[in-house]
Structure formats: C-alpha cells, structure tokens
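Engineer: The structure follows.
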Amino acid sequence: MFFIIPVMSSLIIGYEMKADVAMSVPTVVMDADDSSFTRMFLDYVDDSAYFDIKEYVDSYDEVEDMIYKGKAYLGIIIPENFYSDVIEGEAPVILTIYDGSTLPVIVSSKTSMTEILLTVKSAYMMNVYEGKQGIAPSQVMNYVQPIDNVTRIMYNPTRSFRVFALPGMLCSVVQIAIAIGGAEFGFAMRDKRIGILGHGKNIALCALLGTASVFATMAVQWIIYGMPLRGTFIGFTIVTILFALDISCLGYIVGSILPDRLLCTQISCILVLPTSILAGYIFPVVAMPKAMQFVAKLLPFTYFSDTVRNTCLKPLKMHHLFDDMAFLFAFFICEVLVLAIIKYAVLHRKSSREGVDAEFSLGIAESGKNAESGVNA
C-alpha cells in the first residue's frame, strides 16, 4: 500500500501522460469547396502535431457519425464557394466540431486550431493589403492586427495537463495508504494500555512511511519523466510530514473506535477518498458554492495538494507555505485532543467494567465461602 501500488501507479500513469497534452487528435474533414486555399489550410492542420486527419467525407452526417463512434474527436466543415466568398468579402464560416465528452482534447485542440486560423487569416489579409491597397509591407501588420494582444501563461506555459493533474492524483493514492495504515495501527493498539506518547509513536511511524511513500512516488516523476521542481524542497518536506501526520491520526482515531478491523480500513478509505475532488484540486474551489468552499477549507488535502502542484510549477519560498503549515499543524493538534478524549473514555469504561467484574467475582467468592461454612456447621 505504501510503496508498490503508488510507485507503480506513478510509473504507469507518468508513461501514459508523457505527451503532456493531447497530441495527434483524430480529425475528420468535409471540404465542400476543395479550392487551393482550403487545401493549403488543411495541410497546415495536418502538419500540426496536435491534429491527425483520418478521413475526408462528403456530408455533415458522416462527420457527426465518426465523432459519435469515437473514430474522430474533431470535425472541420468547409462550405461550398468558401474561397470565392472570402475574395468577395462575404466572411464565410469554417465550422469546427469538438467532442465535448473529451474535455482535455478540447483544451489542447481548440487553442491550436484557433492559432492556425489566425495565422491563415493574417496571411490572407497581408496579401490583400499589399496587393489591392498598395500599402508598404512594413505597415501591413498594423492594418491586419490593429489591436495587438500579448498573452503570457505563467508557470505552465506549455499547458501541460500532466503537470497540472498528476501530482495530486498520485498523492491521493498515497493518502489512502496512509489512512489505511493509521487505521491498522489504531486497531492493533485499541486494547493496549499505553500512554498518549505510545500512541504518538505509532502515528509518527505511520506518518514516516507515508512521507517516504510520497517522496518515492514523486521521485519517479521528477527523475524519470522530468516533471519540474521549482519550489522549496524543505518547505515541501515539512508540509508532507504534517499532512501525513494528519491522515495517519485520522485513520488511527477510526481504528481506535470501531471494533472490526476490515470496517476500520473501509471507513478510513471512505473518509479520505472523496477529498481529492472536494478539495478543489481539479475543479477550483473559487467556482464552488459557498458551503462547499467552507468544506474544502477544512480538508487537509486542500492545502497539501496545492503545495504539491505549486512546488512543481512555482518558485515558492518557505514563507509562501506558512499558512498551509499552520492549518495542517492545527488540524493535527485537534486530532490529538480528540484521540486523547477517546482513549480516556475507553480506559475509564474498561476500568469501570473491570471494577464491576472484580466486585462480582468477590461477591461470588463470599457467597461460596458462606455456603461452605453453613455446610460445615
């Protein structure tokens, strides 16, 4: 649970996502114009690393059918008389159809298709202005693009889906292992007469295993697949230890309460499994309803998953992680108090039960002694 499954998951999923974004998207084309201009445009599309034209068809229904059957994820429809309408200034439309059931494909292919269309459009407009308007080539771009726009994507300029999603996905697998390990430790120690320090050693041991599991899992990405590590490594280590302590203690509490070992592990999984979604790792917290934002702010995975991704993508310093560290530490202190109360209640109930049993046994012994005295008399 701590090493084999997370590390193998990291190796397999890292290899699966090594392209970073969706490449060679299967594309179907209906070119009703079939002019030199449209063929040039489609050559640009086919030469792009993001698209792979699989088939040319003659009708819209065929385009839709290929997308429906999963043979293509993108359709390009060019109407009749497209180039002649362009020359006459009729502003014809190229229809691009995306398979909305594959969102990562849309993210990469739509941006790339927009760039290709803008390039072709700008090239055509340059020819118009140079040929028909008699404008000097050095001034053409000012007319073609009268308003310029510069876009800068910080921290993830390649729009890598792998770097965006994979760190938190892998750490959610490790989180389950930590919770189960904590539940196992808690169940094993539930009837042992040890102090809070003894329980603390078991929680710390489970957290140490969980921390080692996180680093082994992420090391596969950093070393083998070249995932960046731009933030503070020491800060990341501290946050990981605190998070592992939180989840270990959570599992330990569950193991200390429930009487069945299998049930302990199941409940521990149920408690932590949904947090990868509720914590806003994939769907952002700011887009959630207010009530769900409040829930997300109470989950340790919210702070840990953000730290993992931000450490990979952003040049974080230690002081950037102080708020995350403070919450994770406070969460652990609250768990320790809850565990102390539970252990005190269990020991008090056990002592009371043992006292009653002792009194009952003493009463039986006294009754037997009195009966024996009566028989002797």
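Scheme for the structure tokens: letters A, B, ... for chains in order shown; per-chain residue numbers from 1; ligand numbers from 1 in order shown.
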Based on DSSP run over this structure's backbone, return all residues of region 146-337 of chain A in helix (DSSP H, G or I), as number ranges by chain.
Structural biologist: A: 161-188, 196-224, 233-257, 261-272, 275-278, 285-287, 290-296, 300-313, 318-337
Engineer: So that I can see what lies close to Arg159 (chain A), please list as a PyMOL selection string the residues with an atom at most 9 Å from it, counting only C-alpha atoms and leaving out residues fewer than 6 positions away in the same chain.
Structural biologist: chain A and resi 20-21+107-108+153
Engineer: Which is closest to Ile97 (chain A) among A:Val285, A:Ile67, A:Ile241, A:Val120, if we use only C-alpha atoms?
Structural biologist: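 Comparing A:Val285, A:Ile67, A:Ile241, A:Val120 against Ile97 (chain A), the winner is A:Ile67.
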Engineer: Would you list the contacts of Pro79 (chain A) as a list in words, taking every protein, DNA or RNA residue within 12 Å and counting only C-alpha atoms, but skipping same-chain residues closer than 6 positions in sequence?
Structural biologist: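 Counting only C-alpha atoms, the residues come to Val29, Met30, Asp31, Ala32, Asp33, Asp34, Ser35, Thr38, Asp58, Ser59, Tyr60, Asp85, Val86, Ala91, Pro92, Val93, Ile94, Leu95 and Thr96 of chain A.
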Engineer: Print the selection's residues with N, CA and C atoms to a file, as a JSON list (two decimals), in the first residue's frame.
Structural biologist:
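New file result_38.json:
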[["chain", "number", "residue", "atom", "x", "y", "z"],
["A", 29, "VAL", "N", -12.69, 15.59, -41.91],
["A", 29, "VAL", "CA", -12.85, 16.84, -42.67],
["A", 29, "VAL", "C", -13.92, 16.67, -43.75],
["A", 30, "MET", "N", -14.77, 17.68, -43.87],
["A", 30, "MET", "CA", -15.67, 17.78, -45.02],
["A", 30, "MET", "C", -15.32, 19.09, -45.74],
["A", 31, "ASP", "N", -14.62, 18.99, -46.87],
["A", 31, "ASP", "CA", -14.20, 20.16, -47.64],
["A", 31, "ASP", "C", -15.09, 20.27, -48.88],
["A", 32, "ALA", "N", -16.18, 21.01, -48.75],
["A", 32, "ALA", "CA", -17.11, 21.17, -49.87],
["A", 32, "ALA", "C", -16.61, 22.16, -50.91],
["A", 33, "ASP", "N", -15.58, 22.95, -50.58],
["A", 33, "ASP", "CA", -15.05, 23.94, -51.52],
["A", 33, "ASP", "C", -13.96, 23.34, -52.38],
["A", 34, "ASP", "N", -13.03, 22.61, -51.75],
["A", 34, "ASP", "CA", -11.93, 21.93, -52.43],
["A", 34, "ASP", "C", -11.15, 22.89, -53.34],
["A", 35, "SER", "N", -10.83, 24.05, -52.81],
["A", 35, "SER", "CA", -10.03, 25.03, -53.55],
["A", 35, "SER", "C", -8.58, 24.93, -53.08],
["A", 38, "THR", "N", -8.31, 26.23, -49.45],
["A", 38, "THR", "CA", -8.75, 25.32, -48.38],
["A", 38, "THR", "C", -7.80, 24.14, -48.25],
["A", 58, "ASP", "N", -18.05, 13.47, -47.28],
["A", 58, "ASP", "CA", -18.82, 14.33, -48.18],
["A", 58, "ASP", "C", -20.03, 14.98, -47.53],
["A", 59, "SER", "N", -20.35, 14.64, -46.28],
["A", 59, "SER", "CA", -21.56, 15.21, -45.67],
["A", 59, "SER", "C", -21.36, 15.46, -44.18],
["A", 60, "TYR", "N", -22.19, 16.34, -43.66],
["A", 60, "TYR", "CA", -22.15, 16.66, -42.23],
["A", 60, "TYR", "C", -22.50, 15.43, -41.39],
["A", 85, "ASP", "N", -16.17, 33.38, -51.67],
["A", 85, "ASP", "CA", -16.83, 34.27, -50.71],
["A", 85, "ASP", "C", -15.80, 35.10, -49.94],
["A", 86, "VAL", "N", -14.63, 34.49, -49.66],
["A", 86, "VAL", "CA", -13.57, 35.24, -48.99],
["A", 86, "VAL", "C", -13.12, 36.40, -49.87],
["A", 91, "ALA", "N", -17.21, 37.02, -45.76],
["A", 91, "ALA", "CA", -16.89, 36.46, -44.43],
["A", 91, "ALA", "C", -17.50, 35.09, -44.21],
["A", 92, "PRO", "N", -17.13, 34.11, -45.02],
["A", 92, "PRO", "CA", -17.66, 32.75, -44.82],
["A", 92, "PRO", "C", -17.15, 32.14, -43.52],
["A", 93, "VAL", "N", -17.81, 31.08, -43.11],
["A", 93, "VAL", "CA", -17.54, 30.48, -41.79],
["A", 93, "VAL", "C", -17.04, 29.05, -41.96],
["A", 94, "ILE", "N", -15.95, 28.73, -41.25],
["A", 94, "ILE", "CA", -15.50, 27.33, -41.12],
["A", 94, "ILE", "C", -16.07, 26.79, -39.82],
["A", 95, "LEU", "N", -16.81, 25.71, -39.91],
["A", 95, "LEU", "CA", -17.42, 25.10, -38.73],
["A", 95, "LEU", "C", -16.48, 24.05, -38.15],
["A", 96, "THR", "N", -16.14, 24.21, -36.89],
["A", 96, "THR", "CA", -15.28, 23.25, -36.19],
["A", 96, "THR", "C", -16.10, 22.57, -35.11]]
Engineer: Between A:Ser256, A:Gln293, A:Ser112, A:Ser268, which has the minimum distance to Ser24 (chain A) (counting only C-alpha atoms)?
Structural biologist: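 Answer, going by the shortest atom-to-atom distance: A:Ser112.
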Engineer: Considering only C-alpha atoms, return as a ChimeraX atom specification whatever protein or nucleic-acid residues lie within 12 Å of Trp222 (chain A), sequence-local ones (same chain, fewer than 3 positions apart) excluded.
Structural biologist: /A:10-11,14,163,166-167,215-219,225-230,311-313
Engineer: From the list A:Met113, A:Ile180, A:Val173, A:Leu316, which residue is nearest Phe233 (chain A) when using only C-alpha atoms?
Structural biologist: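 Looking at the shortest contact to Phe233 (chain A), the residue is A:Leu316.
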Engineer: Measuring between only C-alpha atoms, which one of A:Arg162, A:Gly255, A:Ser172, A:Lys71 shows the shortest distance to Asp191 (chain A)?
Structural biologist: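 Looking only at the distances to Asp191 (chain A), the closest residue turns out to be A:Gly255.
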Engineer: With only C-alpha atoms as the counted atoms, please give the residues lying no more than 8 Å from Phe304 (chain A), apart from itself and same-chain residues fewer than 4 positions off, as an MDAnalysis selection string.
Structural biologist: chainID A and resid 239:240 243 300 308 324
Engineer: I need the chosen residues saved as a CSV table (one decimal), in the first residue's frame, with C-alpha atoms.
Structural biologist:
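Output saved as out-v8.csv:
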chain,number,residue,atom,x,y,z
A,239,VAL,CA,4.1,20.2,4.6
A,240,THR,CA,4.3,16.5,3.5
A,243,PHE,CA,-0.1,16.1,6.1
A,300,PRO,CA,-6.0,18.8,4.8
A,308,VAL,CA,2.5,19.6,-4.3
A,324,ASP,CA,-0.6,25.8,4.8
Engineer: Between A:Phe164, A:Phe283, A:Phe331, A:Tyr56, which residue has the minimum interatomic distance to Ile247 (chain A), considering only C-alpha atoms?
Structural biologist: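 Of A:Phe164, A:Phe283, A:Phe331, A:Tyr56, the one nearest Ile247 (chain A) is A:Phe331, counting only C-alpha atoms.
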Engineer: Counting only C-alpha atoms, figure out which residue out of A:Leu103, A:Asp61, A:Ala340, A:Leu328 gets nearest to His199 (chain A).
Structural biologist: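 Nearest to His199 (chain A): A:Ala340.
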Engineer: Work out how far CA of Lys54 (chain A) is from CA of Pro26 (chain A), in Å to one decimal.
Structural biologist: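 Interatomic distance here is 6.0 Å.
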Engineer: What does the distance from CA of Ser305 (chain A) to CA of Tyr281 (chain A) come to in Å, to one decimal?
Structural biologist: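 It comes out at 6.7 Å.
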